[in-house]
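K.L.:
What follows is upload16.txt; its format and atoms are compact mmCIF, C-alpha atoms and all ligand atoms.
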# COMPACT_ATOMS: atom_id res chain seq x y z
CA MET A 1 -46.95 -125.62 -158.19
CA LYS A 2 -46.60 -124.79 -154.57
CA LYS A 3 -48.59 -127.14 -152.44
CA GLN A 4 -46.27 -130.08 -152.99
CA LEU A 5 -43.31 -127.91 -152.30
CA LYS A 6 -44.65 -127.14 -148.87
CA THR A 7 -45.30 -130.70 -147.90
CA ILE A 8 -41.87 -132.00 -148.69
CA ALA A 9 -39.85 -128.91 -147.93
CA ALA A 10 -38.71 -130.24 -144.59
CA SER A 11 -36.25 -132.42 -146.44
CA VAL A 12 -34.54 -129.52 -148.19
CA SER A 13 -31.70 -129.94 -145.76
CA ALA A 14 -30.70 -132.95 -147.85
CA LEU A 15 -29.41 -130.46 -150.40
CA CYS A 16 -25.76 -131.20 -149.65
CA ILE A 17 -26.20 -134.78 -150.79
CA ALA A 18 -25.54 -133.52 -154.28
CA ALA A 19 -21.92 -132.81 -153.47
CA SER A 20 -21.08 -136.45 -152.88
CA LEU A 21 -23.00 -137.54 -155.91
CA CYS A 22 -21.29 -135.03 -158.15
CA THR A 23 -17.92 -136.38 -157.15
CA SER A 24 -18.96 -139.77 -158.45
CA LEU A 25 -19.77 -138.17 -161.77
CA THR A 26 -16.35 -136.85 -162.56
CA ALA A 27 -15.19 -137.07 -166.13
CA SER A 28 -13.32 -140.29 -165.51
CA ALA A 29 -16.43 -141.95 -164.20
CA ILE A 30 -18.60 -141.08 -167.17
CA THR A 31 -18.77 -142.63 -170.57
CA LEU A 32 -20.59 -140.41 -172.99
CA TYR A 33 -22.59 -141.95 -175.76
CA PRO A 34 -22.36 -140.17 -179.12
CA LYS A 35 -24.20 -136.89 -179.17
CA THR A 36 -27.77 -137.36 -180.28
CA VAL A 37 -29.32 -134.70 -182.44
CA MET A 38 -33.09 -134.75 -182.78
CA THR A 39 -34.64 -132.31 -185.16
CA LYS A 40 -38.29 -131.40 -185.12
CA SER A 41 -39.38 -134.64 -183.58
CA SER A 42 -43.10 -135.15 -183.89
CA TYR A 43 -43.01 -136.90 -180.56
CA MET A 44 -42.02 -133.81 -178.65
CA TRP A 45 -44.45 -131.58 -176.80
CA ASN A 46 -45.35 -128.05 -177.79
CA SER A 47 -42.40 -125.81 -177.22
CA CYS A 48 -39.94 -128.62 -177.79
CA ARG A 49 -41.43 -129.85 -181.03
CA ASN A 50 -39.80 -127.49 -183.46
CA GLU A 51 -36.44 -127.24 -181.85
CA THR A 52 -33.22 -128.96 -182.68
CA ILE A 53 -32.40 -130.91 -179.59
CA LYS A 54 -28.86 -131.89 -178.80
CA LEU A 55 -28.50 -134.32 -175.97
CA GLU A 56 -25.83 -136.61 -174.72
CA TYR A 57 -26.30 -139.82 -172.88
CA CYS A 58 -23.88 -140.88 -170.27
CA THR A 59 -23.34 -143.76 -167.96
CA SER A 60 -21.52 -143.91 -164.70
CA LYS A 61 -18.99 -146.68 -164.49
CA SER A 62 -19.32 -146.69 -160.74
CA ASP A 63 -22.89 -147.93 -160.74
CA TYR A 64 -23.48 -148.68 -164.44
CA GLN A 65 -26.55 -146.51 -164.48
CA ASP A 66 -27.46 -144.45 -167.48
CA TYR A 67 -28.72 -140.93 -167.62
CA LEU A 68 -29.99 -138.44 -170.08
CA TYR A 69 -27.30 -135.93 -169.45
CA GLU A 70 -26.23 -132.49 -170.61
CA PRO A 71 -22.59 -132.27 -169.62
CA GLY A 72 -22.02 -128.60 -170.46
CA ARG A 73 -24.42 -127.46 -167.76
CA ASN A 74 -24.21 -130.61 -165.66
CA ILE A 75 -27.93 -131.36 -165.84
CA ARG A 76 -29.32 -134.85 -165.86
CA THR A 77 -32.64 -136.58 -165.61
CA VAL A 78 -33.58 -138.75 -162.70
CA SER A 79 -36.78 -140.42 -161.70
CA THR A 80 -38.97 -139.14 -158.92
CA SER A 81 -38.63 -142.43 -157.10
CA SER A 82 -34.93 -141.68 -156.75
CA ALA A 83 -35.19 -138.04 -155.75
CA PRO A 84 -34.31 -136.24 -153.55
CA GLY A 85 -31.78 -138.82 -152.43
CA HIS A 86 -30.53 -138.93 -156.01
CA THR A 87 -29.94 -142.64 -156.24
CA VAL A 88 -30.36 -142.37 -159.94
CA ASN A 89 -32.17 -145.29 -161.44
CA VAL A 90 -33.35 -144.14 -164.82
CA ASN A 91 -32.79 -147.01 -167.15
CA TYR A 92 -31.17 -146.41 -170.52
CA ASN A 93 -33.85 -148.50 -172.14
CA ASP A 94 -36.50 -146.29 -170.57
CA ILE A 95 -34.86 -143.20 -171.94
CA LEU A 96 -34.83 -144.72 -175.38
CA GLY A 97 -38.44 -145.72 -175.03
CA ALA A 98 -37.62 -149.36 -175.50
CA TYR A 99 -40.07 -150.48 -172.88
CA THR A 100 -43.77 -150.45 -173.54
CA GLY A 101 -45.36 -147.74 -171.45
CA SER A 102 -42.23 -145.70 -171.02
CA TYR A 103 -42.46 -143.87 -174.31
CA GLU A 104 -44.15 -140.97 -172.59
CA TYR A 105 -41.29 -140.88 -170.15
CA TRP A 106 -38.78 -140.79 -172.97
CA GLN A 107 -40.42 -137.77 -174.54
CA ALA A 108 -40.68 -136.03 -171.20
CA SER A 109 -37.02 -136.68 -170.43
CA GLN A 110 -35.88 -134.99 -173.59
CA CYS A 111 -38.35 -132.14 -173.51
CA GLY A 112 -37.86 -131.42 -169.82
CA LEU A 113 -34.10 -131.49 -170.05
CA TYR A 114 -34.20 -129.17 -173.02
CA ASN A 115 -36.42 -126.61 -171.27
CA VAL A 116 -34.31 -126.75 -168.13
CA GLU A 117 -31.29 -125.95 -170.32
CA LYS A 118 -33.14 -122.87 -171.56
CA ALA A 119 -34.00 -121.81 -168.02
CA TYR A 120 -30.42 -122.40 -166.93
CA ASP A 121 -29.22 -120.11 -169.71
CA PHE A 122 -31.76 -117.45 -168.77
CA TYR A 123 -30.65 -117.33 -165.15
CA SER A 124 -27.02 -117.29 -166.29
CA SER A 125 -27.76 -114.36 -168.59
CA ILE A 126 -29.18 -112.22 -165.78
CA GLY A 127 -26.37 -112.83 -163.33
CA TYR A 128 -27.17 -116.01 -161.44
CA THR A 129 -24.60 -118.78 -161.44
CA PRO A 130 -26.48 -122.06 -161.63
CA THR A 131 -24.98 -125.22 -160.28
CA GLY A 132 -25.53 -128.77 -161.45
CA LEU A 133 -29.13 -129.80 -161.54
CA TYR A 134 -31.38 -132.81 -161.62
CA VAL A 135 -34.54 -132.95 -163.65
CA ALA A 136 -36.92 -135.38 -162.02
CA ILE A 137 -39.80 -136.70 -164.07
CA ASN A 138 -42.39 -139.15 -162.83
CA ASP A 139 -40.98 -142.62 -162.77
CA HIS A 140 -42.91 -144.69 -165.30
CA SER A 141 -43.29 -147.35 -162.63
CA THR A 142 -45.70 -145.02 -160.83
CA TYR A 143 -47.70 -144.48 -163.98
CA VAL A 144 -51.29 -145.65 -163.60
CA PRO A 145 -53.12 -145.69 -166.94
CA GLY A 146 -56.46 -143.95 -166.70
CA GLY A 147 -55.76 -142.51 -163.30
CA ASN A 148 -54.85 -139.07 -162.15
CA GLY A 149 -52.51 -138.33 -159.36
CA GLY A 150 -51.15 -135.23 -157.70
CA GLN A 151 -47.62 -136.06 -158.61
CA ARG A 152 -48.47 -136.34 -162.29
CA GLU A 153 -50.19 -132.96 -162.25
CA ASN A 154 -47.74 -130.94 -160.26
CA ALA A 155 -44.33 -129.37 -160.51
CA TRP A 156 -42.07 -128.30 -157.69
CA ALA A 157 -38.51 -127.52 -156.81
CA LEU A 158 -36.36 -128.71 -153.98
CA GLY A 159 -32.67 -128.25 -153.23
CA ASP A 160 -31.05 -128.99 -156.58
CA THR A 161 -33.87 -130.86 -158.27
CA LEU A 162 -36.73 -129.72 -160.45
CA PHE A 163 -39.74 -132.02 -160.46
CA PHE A 164 -42.23 -132.21 -163.30
CA GLY A 165 -45.28 -134.42 -163.47
CA LEU A 166 -46.06 -136.24 -166.70
CA GLY A 167 -49.50 -134.65 -166.84
CA SER A 168 -53.02 -135.96 -166.35
CA SER A 169 -53.61 -139.54 -167.36
CA ASP A 170 -57.17 -138.58 -168.25
CA GLN A 171 -56.87 -135.68 -170.64
CA SER A 172 -60.63 -135.25 -170.90
CA GLN A 173 -61.05 -133.89 -167.39
CA GLU A 174 -61.78 -130.22 -166.83
CA ASP A 175 -58.39 -129.31 -165.37
CA ALA A 176 -56.31 -131.72 -167.44
CA VAL A 177 -52.70 -130.75 -167.96
CA LYS A 178 -49.96 -132.00 -170.23
CA PHE A 179 -46.41 -132.72 -169.12
CA LEU A 180 -45.49 -129.82 -166.84
CA GLY A 181 -41.91 -129.66 -168.10
CA SER A 182 -43.13 -128.90 -171.62
CA ALA A 183 -43.83 -125.26 -170.75
CA THR A 184 -40.78 -123.05 -170.58
CA ASP A 185 -42.51 -120.62 -168.19
CA VAL A 186 -43.42 -123.42 -165.77
CA VAL A 187 -39.84 -124.67 -165.91
CA THR A 188 -38.45 -121.16 -165.36
CA HIS A 189 -40.91 -120.69 -162.47
CA GLU A 190 -39.74 -123.84 -160.71
CA TYR A 191 -36.12 -122.97 -161.35
CA GLY A 192 -36.86 -119.62 -159.71
CA HIS A 193 -37.75 -121.45 -156.50
CA LEU A 194 -34.28 -122.99 -156.45
CA VAL A 195 -32.82 -119.51 -156.87
CA THR A 196 -34.82 -117.99 -154.00
CA GLN A 197 -34.24 -121.02 -151.79
CA ALA A 198 -30.49 -120.75 -152.33
CA THR A 199 -30.32 -116.97 -152.00
CA PHE A 200 -32.51 -116.66 -148.91
CA GLY A 201 -31.27 -119.84 -147.28
CA TRP A 202 -34.76 -121.24 -147.02
CA ASN A 203 -34.93 -124.90 -146.10
CA ASP A 204 -38.44 -125.20 -144.74
CA TYR A 205 -41.38 -123.49 -146.38
CA SER A 206 -43.57 -124.05 -143.37
CA GLN A 207 -41.51 -121.38 -141.60
CA LEU A 208 -42.25 -118.69 -144.15
CA SER A 209 -44.66 -115.91 -143.27
CA PRO A 210 -47.57 -115.47 -145.67
CA GLU A 211 -45.76 -112.53 -147.26
CA ALA A 212 -42.50 -114.41 -147.63
CA ALA A 213 -44.35 -117.34 -149.20
CA ALA A 214 -46.14 -114.97 -151.54
CA LEU A 215 -42.83 -113.35 -152.49
CA SER A 216 -41.44 -116.79 -153.28
CA GLU A 217 -44.28 -117.36 -155.73
CA ALA A 218 -44.03 -113.84 -157.09
CA TYR A 219 -40.33 -114.03 -157.88
CA SER A 220 -40.80 -117.34 -159.69
CA ASP A 221 -43.63 -115.92 -161.78
CA ILE A 222 -41.75 -112.71 -162.52
CA PHE A 223 -38.71 -114.60 -163.77
CA ALA A 224 -40.94 -116.98 -165.73
CA GLU A 225 -42.64 -114.17 -167.62
CA LEU A 226 -39.59 -111.98 -168.08
CA ALA A 227 -37.95 -115.01 -169.71
CA ASP A 228 -41.04 -115.89 -171.73
CA GLU A 229 -40.77 -114.98 -175.39
CA LYS A 230 -44.56 -114.82 -175.67
CA ASN A 231 -44.91 -111.90 -173.25
CA ASP A 232 -48.40 -113.06 -172.29
CA TRP A 233 -47.87 -112.85 -168.51
CA LYS A 234 -49.82 -116.08 -168.11
CA VAL A 235 -47.94 -118.87 -166.39
CA GLY A 236 -48.48 -122.38 -167.70
CA ALA A 237 -51.25 -121.59 -170.16
CA THR A 238 -49.80 -124.04 -172.70
CA VAL A 239 -50.04 -127.06 -170.44
CA PHE A 240 -53.80 -126.92 -169.87
CA THR A 241 -55.48 -129.22 -172.36
CA LYS A 242 -58.77 -127.33 -172.45
CA ASN A 243 -57.33 -123.85 -172.56
CA GLY A 244 -59.21 -121.87 -175.17
CA VAL A 245 -61.58 -124.75 -175.89
CA SER A 246 -64.38 -124.23 -173.40
CA LYS A 247 -63.19 -120.95 -171.90
CA PRO A 248 -61.43 -117.82 -173.16
CA ALA A 249 -57.82 -118.43 -174.16
CA GLY A 250 -55.63 -118.11 -171.13
CA TYR A 251 -58.40 -118.83 -168.65
CA TYR A 252 -56.62 -121.99 -167.73
CA SER A 253 -53.27 -120.95 -166.43
CA TYR A 254 -51.59 -121.19 -163.08
CA ARG A 255 -51.60 -117.44 -162.93
CA ASP A 256 -52.68 -114.56 -165.10
CA ILE A 257 -50.43 -111.79 -163.89
CA ALA A 258 -51.77 -109.06 -166.13
CA ASN A 259 -55.33 -109.76 -164.98
CA PRO A 260 -55.12 -111.92 -161.86
CA ALA A 261 -58.87 -112.07 -161.40
CA ASN A 262 -59.28 -113.77 -164.79
CA THR A 263 -57.21 -116.79 -164.01
CA HIS A 264 -58.29 -120.25 -163.06
CA ASN A 265 -55.80 -120.28 -160.22
CA PRO A 266 -55.84 -118.89 -157.59
CA LYS A 267 -59.50 -119.76 -157.33
CA THR A 268 -60.61 -117.62 -154.42
CA PRO A 269 -63.89 -116.02 -155.49
CA ASN A 270 -63.06 -112.72 -153.84
CA THR A 271 -60.71 -111.35 -156.46
CA THR A 272 -60.40 -107.77 -155.31
CA TYR A 273 -57.21 -108.16 -153.37
CA TYR A 274 -55.04 -109.80 -156.00
CA THR A 275 -53.33 -106.54 -156.86
CA ASN A 276 -53.96 -104.55 -153.69
CA TYR A 277 -51.70 -105.01 -150.69
CA SER A 278 -54.06 -103.27 -148.27
CA LEU A 279 -57.00 -105.49 -149.14
CA TRP A 280 -54.88 -108.64 -149.13
CA ASN A 281 -53.45 -107.75 -145.73
CA ALA A 282 -56.96 -107.47 -144.35
CA ALA A 283 -57.70 -110.94 -145.70
CA VAL A 284 -54.50 -112.31 -144.13
CA ASN A 285 -55.34 -110.79 -140.78
CA ALA A 286 -58.81 -112.26 -140.95
CA ASN A 287 -57.48 -115.74 -141.72
CA PRO A 288 -53.68 -116.08 -141.43
CA TYR A 289 -53.89 -119.81 -142.11
CA ALA A 290 -55.82 -119.70 -145.36
CA SER A 291 -54.26 -122.14 -147.78
CA ASP A 292 -53.99 -119.88 -150.80
CA LEU A 293 -52.28 -116.83 -149.33
CA ASP A 294 -49.04 -117.54 -151.16
CA THR A 295 -50.70 -117.54 -154.57
CA SER A 296 -53.28 -114.82 -153.91
CA GLY A 297 -50.62 -112.53 -152.48
CA SER A 298 -48.03 -113.31 -155.14
CA THR A 299 -49.89 -111.43 -157.85
CA ILE A 300 -49.64 -108.19 -155.90
CA ILE A 301 -45.89 -108.17 -156.44
CA SER A 302 -45.80 -109.93 -159.81
CA HIS A 303 -48.35 -107.44 -161.11
CA VAL A 304 -45.99 -104.68 -160.01
CA ALA A 305 -43.35 -106.28 -162.23
CA TYR A 306 -45.88 -106.60 -165.04
CA THR A 307 -46.64 -102.87 -164.75
CA MET A 308 -42.94 -102.06 -164.93
CA ALA A 309 -42.52 -104.26 -167.98
CA GLN A 310 -45.17 -102.31 -169.88
CA SER A 311 -43.24 -99.05 -169.61
CA SER A 312 -41.33 -97.71 -172.59
CA TYR A 313 -38.25 -98.04 -170.46
CA PHE A 314 -38.40 -101.82 -170.18
CA VAL A 315 -40.84 -102.98 -172.83
CA ASN A 316 -38.02 -103.90 -175.19
CA ASN A 317 -35.59 -104.87 -172.50
CA LYS A 318 -37.18 -107.44 -170.27
CA GLN A 319 -33.74 -108.89 -169.56
CA LEU A 320 -32.65 -105.67 -167.85
CA LEU A 321 -35.73 -105.77 -165.66
CA ALA A 322 -35.00 -109.41 -164.87
CA LYS A 323 -31.48 -108.48 -163.82
CA ILE A 324 -32.87 -105.95 -161.37
CA TRP A 325 -35.37 -108.39 -159.90
CA LEU A 326 -32.64 -110.99 -159.50
CA ARG A 327 -30.31 -108.47 -157.89
CA SER A 328 -33.04 -107.43 -155.48
CA LEU A 329 -32.85 -110.87 -153.85
CA SER A 330 -29.50 -109.88 -152.37
CA LYS A 331 -30.70 -106.45 -151.23
CA TYR A 332 -33.02 -107.49 -148.42
CA ASN A 333 -31.65 -105.85 -145.32
CA VAL A 334 -33.31 -108.22 -142.87
CA ALA A 335 -32.07 -110.59 -140.21
CA ASP A 336 -34.66 -113.28 -140.88
CA THR A 337 -35.47 -113.98 -144.53
CA THR A 338 -38.42 -116.17 -143.59
CA GLN A 339 -40.27 -113.01 -142.54
CA ILE A 340 -39.58 -110.70 -145.50
CA THR A 341 -42.37 -108.33 -146.44
CA PHE A 342 -43.59 -106.61 -149.58
CA ARG A 343 -42.25 -103.39 -148.13
CA ASP A 344 -38.81 -105.03 -147.85
CA CYS A 345 -39.23 -106.05 -151.48
CA ARG A 346 -39.94 -102.47 -152.54
CA TYR A 347 -36.77 -101.14 -150.97
CA ALA A 348 -34.65 -104.10 -152.06
CA PHE A 349 -35.85 -103.64 -155.62
CA LEU A 350 -35.19 -99.90 -155.70
CA ASP A 351 -31.69 -100.45 -154.29
CA ALA A 352 -31.08 -103.08 -156.94
CA ALA A 353 -32.41 -100.86 -159.71
CA TYR A 354 -30.00 -98.08 -158.86
CA GLU A 355 -27.11 -100.51 -158.68
CA VAL A 356 -27.83 -102.47 -161.86
CA LEU A 357 -28.56 -99.40 -163.97
CA SER A 358 -25.35 -97.79 -162.73
CA GLU A 359 -23.40 -100.89 -163.68
CA GLU A 360 -24.99 -100.94 -167.11
CA GLY A 361 -24.10 -97.29 -167.64
CA ILE A 362 -27.76 -96.33 -167.87
CA PRO A 363 -28.60 -92.96 -166.31
CA TYR A 364 -31.05 -93.32 -163.48
CA TYR A 365 -33.25 -90.46 -164.45
CA GLN A 366 -35.85 -89.30 -162.02
CA SER A 367 -38.70 -90.15 -164.36
CA GLN A 368 -37.52 -93.71 -164.71
CA ALA A 369 -37.06 -94.14 -161.00
CA LEU A 370 -40.45 -92.61 -160.53
CA HIS A 371 -41.99 -95.21 -162.81
CA LEU A 372 -40.59 -98.03 -160.69
CA ILE A 373 -41.75 -96.36 -157.51
CA THR A 374 -45.17 -95.70 -159.01
CA ALA A 375 -45.57 -99.40 -159.80
CA PHE A 376 -45.20 -100.27 -156.12
CA ASN A 377 -47.40 -97.37 -155.11
CA GLY A 378 -50.11 -98.68 -157.44
CA ALA A 379 -50.30 -101.86 -155.38
CA ASN A 380 -50.32 -99.93 -152.08
CA VAL A 381 -46.86 -101.27 -151.24
CA PHE A 382 -45.13 -98.38 -149.46
ZN ZN B 401 -44.28 -121.88 -157.35
Using the file provided, produce a representation of the structure as C-alpha cells.

P.N.:
Amino acid sequence: MKKQLKTIAASVSALCIAASLCTSLTASAITLYPKTVMTKSSYMWNSCRNETIKLEYCTSKSDYQDYLYEPGRNIRTVSTSSAPGHTVNVNYNDILGAYTGSYEYWQASQCGLYNVEKAYDFYSSIGYTPTGLYVAINDHSTYVPGGNGGQRENAWALGDTLFFGLGSSDQSQEDAVKFLGSATDVVTHEYGHLVTQATFGWNDYSQLSPEAAALSEAYSDIFAELADEKNDWKVGATVFTKNGVSKPAGYYSYRDIANPANTHNPKTPNTTYYTNYSLWNAAVNANPYASDLDTSGSTIISHVAYTMAQSSYFVNNKQLLAKIWLRSLSKYNVADTTQITFRDCRYAFLDAAYEVLSEEGIPYYQSQALHLITAFNGANVF
C-alpha cells in the first residue's frame, strides 16, 4: 500500500486540478438520478454486504458523463485511467453492470464509495475537515482475466484521490487479495495518507527521510485501527483470500500492529526491530536505502498507539485517542516536515494530548500522562 504511492508521488503537485473540476460540478451542472437504496445485496463484498447502501447517481451536463456520486460529502467514483487528471470517464452502463465484464467494477464502485463515506465520517468525527474526494477503482478496460497485476493488488492515495485495485484475478495464488476497497481499515489507511499529505504539505514521497516515511505509514495504520470496529489491530486481514485457511488467522494482513513479527508484511526475516527504535535505527544506518524501511519502521510508532489503546484510559474511547493522534500532526515544531523523526512524534503527541484532553474537560492526571509517556519509552523513543 506504499510502493505505488512512492512511484507516482511526483505528480502530487497536480492536486490543485481538483479545484477547476469541482467548479464544473456545481449544482446547476449536475442532474441527480433518483436515490438508489440497496439493502443487503448479495453481490457486495464482506463489510458492505450487510449494510443498507444509499447512493445517488449524477451526470454532468457539461460533458454528459455519469458518476456514482455521493453529493453530501462530494465523493465520486472515477476510473484509474482517468486519475489523477480526473477526466472522469466512468460510464453509467458500467456502473450499472450492463456491460459484460464490468459487473465486478459495479460492485467495487458501490462498496468502495460506501467505505470511503465511512472513512470520511471517521475523520470528520475526530476533527479533520475532509474535502471532496475521488474514489478511483481499476478501469474495467485494464482488466485482464486470469492475470494478476500490481494495480489490481494495490491501494494508494494521491492528492484528492483514493485508489483501490479490484483484487487478484487469480484468487488461488498464495497472496491473493480481494477488492482492496472492501476493507474499511484499508480504506481508512489510504485516507490517512491524504490527511498527512495535506497536513505536512508533502508532495513527493521520494524526499521523505526513512523516519518520515515510516511515520506516514504509522499514522495511516493508527487511524485505520482506531476507526476499526473489530479492534484486531491487523490492517487488511479481510482482503486476503487465504487468511486463516493455510495459516493462522490474521497471518495474512498488511500489518499486524499488536504483534508485528507475526504478519505477512513487512516480510523482513529479522523481526526484532519492529517495535524497537534503537534496533531499527541500527538497521537504517547499516542500509539507509533498504526498500522496506517505511513499513518496518512504522510498527514502532503504531505499536506505541496500540499500547496506549490497551490502557483502561482509552480502551473504551478509541475516538479520543484518535483525536489526539490527529491533533499531533499539527504539533510538529519543525521547519522541514520531510525530515520529521520519531522523537518529534513523541513531543508532538504529548503536546496534542494535553491540548485535546484540556478541551474535552478531562483532567490530565499524572498517571495518565505517564501511561502515554511510558508507551513511547517502551519503544525506546525518547
Ligand atoms: Zn500506506

K.L.:
Could you pull out the residues sitting within 12 Å of ligand ZN 401 (chain B), using all atoms listed in the file, and write them as a ChimeraX atom specification?

P.N.:
/A:1-6,154-158,162-163,185-197,205,213-224,235-236,254-255,265-266,292,294-296,298-299

K.L.:
Please produce a file of the residues just selected, as a short mmCIF file (atom, residue, chain, number, x, y, z; two decimals), in the coordinates of the input, where the atoms kept are C-alpha atoms.

P.N.:
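Here's the written file result_36.cif:
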data_model
loop_
_atom_site.label_atom_id
_atom_site.label_comp_id
_atom_site.auth_asym_id
_atom_site.auth_seq_id
_atom_site.Cartn_x
_atom_site.Cartn_y
_atom_site.Cartn_z
CA MET A 1 -46.95 -125.62 -158.19
CA LYS A 2 -46.60 -124.79 -154.57
CA LYS A 3 -48.59 -127.14 -152.44
CA GLN A 4 -46.27 -130.08 -152.99
CA LEU A 5 -43.31 -127.91 -152.30
CA LYS A 6 -44.65 -127.14 -148.87
CA ASN A 154 -47.74 -130.94 -160.26
CA ALA A 155 -44.33 -129.37 -160.51
CA TRP A 156 -42.07 -128.30 -157.69
CA ALA A 157 -38.51 -127.52 -156.81
CA LEU A 158 -36.36 -128.71 -153.98
CA LEU A 162 -36.73 -129.72 -160.45
CA PHE A 163 -39.74 -132.02 -160.46
CA ASP A 185 -42.51 -120.62 -168.19
CA VAL A 186 -43.42 -123.42 -165.77
CA VAL A 187 -39.84 -124.67 -165.91
CA THR A 188 -38.45 -121.16 -165.36
CA HIS A 189 -40.91 -120.69 -162.47
CA GLU A 190 -39.74 -123.84 -160.71
CA TYR A 191 -36.12 -122.97 -161.35
CA GLY A 192 -36.86 -119.62 -159.71
CA HIS A 193 -37.75 -121.45 -156.50
CA LEU A 194 -34.28 -122.99 -156.45
CA VAL A 195 -32.82 -119.51 -156.87
CA THR A 196 -34.82 -117.99 -154.00
CA GLN A 197 -34.24 -121.02 -151.79
CA TYR A 205 -41.38 -123.49 -146.38
CA ALA A 213 -44.35 -117.34 -149.20
CA ALA A 214 -46.14 -114.97 -151.54
CA LEU A 215 -42.83 -113.35 -152.49
CA SER A 216 -41.44 -116.79 -153.28
CA GLU A 217 -44.28 -117.36 -155.73
CA ALA A 218 -44.03 -113.84 -157.09
CA TYR A 219 -40.33 -114.03 -157.88
CA SER A 220 -40.80 -117.34 -159.69
CA ASP A 221 -43.63 -115.92 -161.78
CA ILE A 222 -41.75 -112.71 -162.52
CA PHE A 223 -38.71 -114.60 -163.77
CA ALA A 224 -40.94 -116.98 -165.73
CA VAL A 235 -47.94 -118.87 -166.39
CA GLY A 236 -48.48 -122.38 -167.70
CA TYR A 254 -51.59 -121.19 -163.08
CA ARG A 255 -51.60 -117.44 -162.93
CA ASN A 265 -55.80 -120.28 -160.22
CA PRO A 266 -55.84 -118.89 -157.59
CA ASP A 292 -53.99 -119.88 -150.80
CA ASP A 294 -49.04 -117.54 -151.16
CA THR A 295 -50.70 -117.54 -154.57
CA SER A 296 -53.28 -114.82 -153.91
CA SER A 298 -48.03 -113.31 -155.14
CA THR A 299 -49.89 -111.43 -157.85
#

K.L.:
List as a PDB file with C-alpha atoms, keeping the file's coordinate frame the protein and nucleic acid residues near region 340-346 of chain A, meaning an atom at most 10 Å away when only C-alpha atoms are counted, but skip any in the same chain fewer than 4 places from it.

P.N.:
ATOM      1  CA  PHE A 200     -32.510-116.660-148.910  1.00  0.00           C
ATOM      2  CA  LEU A 208     -42.250-118.690-144.150  1.00  0.00           C
ATOM      3  CA  SER A 209     -44.660-115.910-143.270  1.00  0.00           C
ATOM      4  CA  PRO A 210     -47.570-115.470-145.670  1.00  0.00           C
ATOM      5  CA  GLU A 211     -45.760-112.530-147.260  1.00  0.00           C
ATOM      6  CA  ALA A 212     -42.500-114.410-147.630  1.00  0.00           C
ATOM      7  CA  ALA A 213     -44.350-117.340-149.200  1.00  0.00           C
ATOM      8  CA  ALA A 214     -46.140-114.970-151.540  1.00  0.00           C
ATOM      9  CA  LEU A 215     -42.830-113.350-152.490  1.00  0.00           C
ATOM     10  CA  TYR A 277     -51.700-105.010-150.690  1.00  0.00           C
ATOM     11  CA  GLY A 297     -50.620-112.530-152.480  1.00  0.00           C
ATOM     12  CA  SER A 298     -48.030-113.310-155.140  1.00  0.00           C
ATOM     13  CA  ILE A 300     -49.640-108.190-155.900  1.00  0.00           C
ATOM     14  CA  ILE A 301     -45.890-108.170-156.440  1.00  0.00           C
ATOM     15  CA  VAL A 304     -45.990-104.680-160.010  1.00  0.00           C
ATOM     16  CA  TRP A 325     -35.370-108.390-159.900  1.00  0.00           C
ATOM     17  CA  SER A 328     -33.040-107.430-155.480  1.00  0.00           C
ATOM     18  CA  LEU A 329     -32.850-110.870-153.850  1.00  0.00           C
ATOM     19  CA  LYS A 331     -30.700-106.450-151.230  1.00  0.00           C
ATOM     20  CA  TYR A 332     -33.020-107.490-148.420  1.00  0.00           C
ATOM     21  CA  ASN A 333     -31.650-105.850-145.320  1.00  0.00           C
ATOM     22  CA  VAL A 334     -33.310-108.220-142.870  1.00  0.00           C
ATOM     23  CA  ALA A 335     -32.070-110.590-140.210  1.00  0.00           C
ATOM     24  CA  ASP A 336     -34.660-113.280-140.880  1.00  0.00           C
ATOM     25  CA  LEU A 350     -35.190 -99.900-155.700  1.00  0.00           C
ATOM     26  CA  ASP A 351     -31.690-100.450-154.290  1.00  0.00           C
ATOM     27  CA  ALA A 352     -31.080-103.080-156.940  1.00  0.00           C
ATOM     28  CA  LEU A 372     -40.590 -98.030-160.690  1.00  0.00           C
ATOM     29  CA  ILE A 373     -41.750 -96.360-157.510  1.00  0.00           C
ATOM     30  CA  ALA A 375     -45.570 -99.400-159.800  1.00  0.00           C
ATOM     31  CA  PHE A 376     -45.200-100.270-156.120  1.00  0.00           C
ATOM     32  CA  ASN A 377     -47.400 -97.370-155.110  1.00  0.00           C
ATOM     33  CA  ASN A 380     -50.320 -99.930-152.080  1.00  0.00           C
ATOM     34  CA  VAL A 381     -46.860-101.270-151.240  1.00  0.00           C
ATOM     35  CA  PHE A 382     -45.130 -98.380-149.460  1.00  0.00           C
TER      36      PHE A 382
END

K.L.:
Can you pull out the residues contacting Thr184 (chain A)? Cut-off 8 Å, using only C-alpha atoms, and skip same-chain residues under 4 positions away; I want them as a list in words.

P.N.:
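Returned residues: Ser47, Asn115, Val116, Lys118, Ala119, Thr188, Ala224 and Asp228 of chain A.
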
K.L.:
Do you have the CA of Trp202 (chain A)-CA of Asp160 (chain A) distance handy?

P.N.:
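Here the two named atoms are 12.9 Å from each other.
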
K.L.:
Quick one: residues within 8 Å of Lys234 (chain A), only C-alpha atoms counted, chain neighbours fewer than 3 positions away excluded, as a PDB file with C-alpha atoms, in the frame of the given file?

P.N.:
ATOM      1  CA  GLU A 225     -42.640-114.170-167.620  1.00  0.00           C
ATOM      2  CA  ALA A 237     -51.250-121.590-170.160  1.00  0.00           C
ATOM      3  CA  GLY A 250     -55.630-118.110-171.130  1.00  0.00           C
ATOM      4  CA  SER A 253     -53.270-120.950-166.430  1.00  0.00           C
ATOM      5  CA  TYR A 254     -51.590-121.190-163.080  1.00  0.00           C
ATOM      6  CA  ARG A 255     -51.600-117.440-162.930  1.00  0.00           C
ATOM      7  CA  ASP A 256     -52.680-114.560-165.100  1.00  0.00           C
ATOM      8  CA  ILE A 257     -50.430-111.790-163.890  1.00  0.00           C
ATOM      9  CA  ALA A 258     -51.770-109.060-166.130  1.00  0.00           C
TER      10      ALA A 258
END

K.L.:
What gap, in Å, lies between CA of Ile126 (chain A) and CA of Glu359 (chain A)?

P.N.:
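Separation between CA of Ile126 (chain A) and CA of Glu359 (chain A): 12.9 Å.
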
K.L.:
Point out the residue among A:Leu226, A:Ala282, A:Ala290, A:Leu166 with the least atom-to-atom distance to Leu326 (chain A), counting only C-alpha atoms.

P.N.:
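Of A:Leu226, A:Ala282, A:Ala290, A:Leu166, the one nearest Leu326 (chain A) is A:Leu226, counting only C-alpha atoms.
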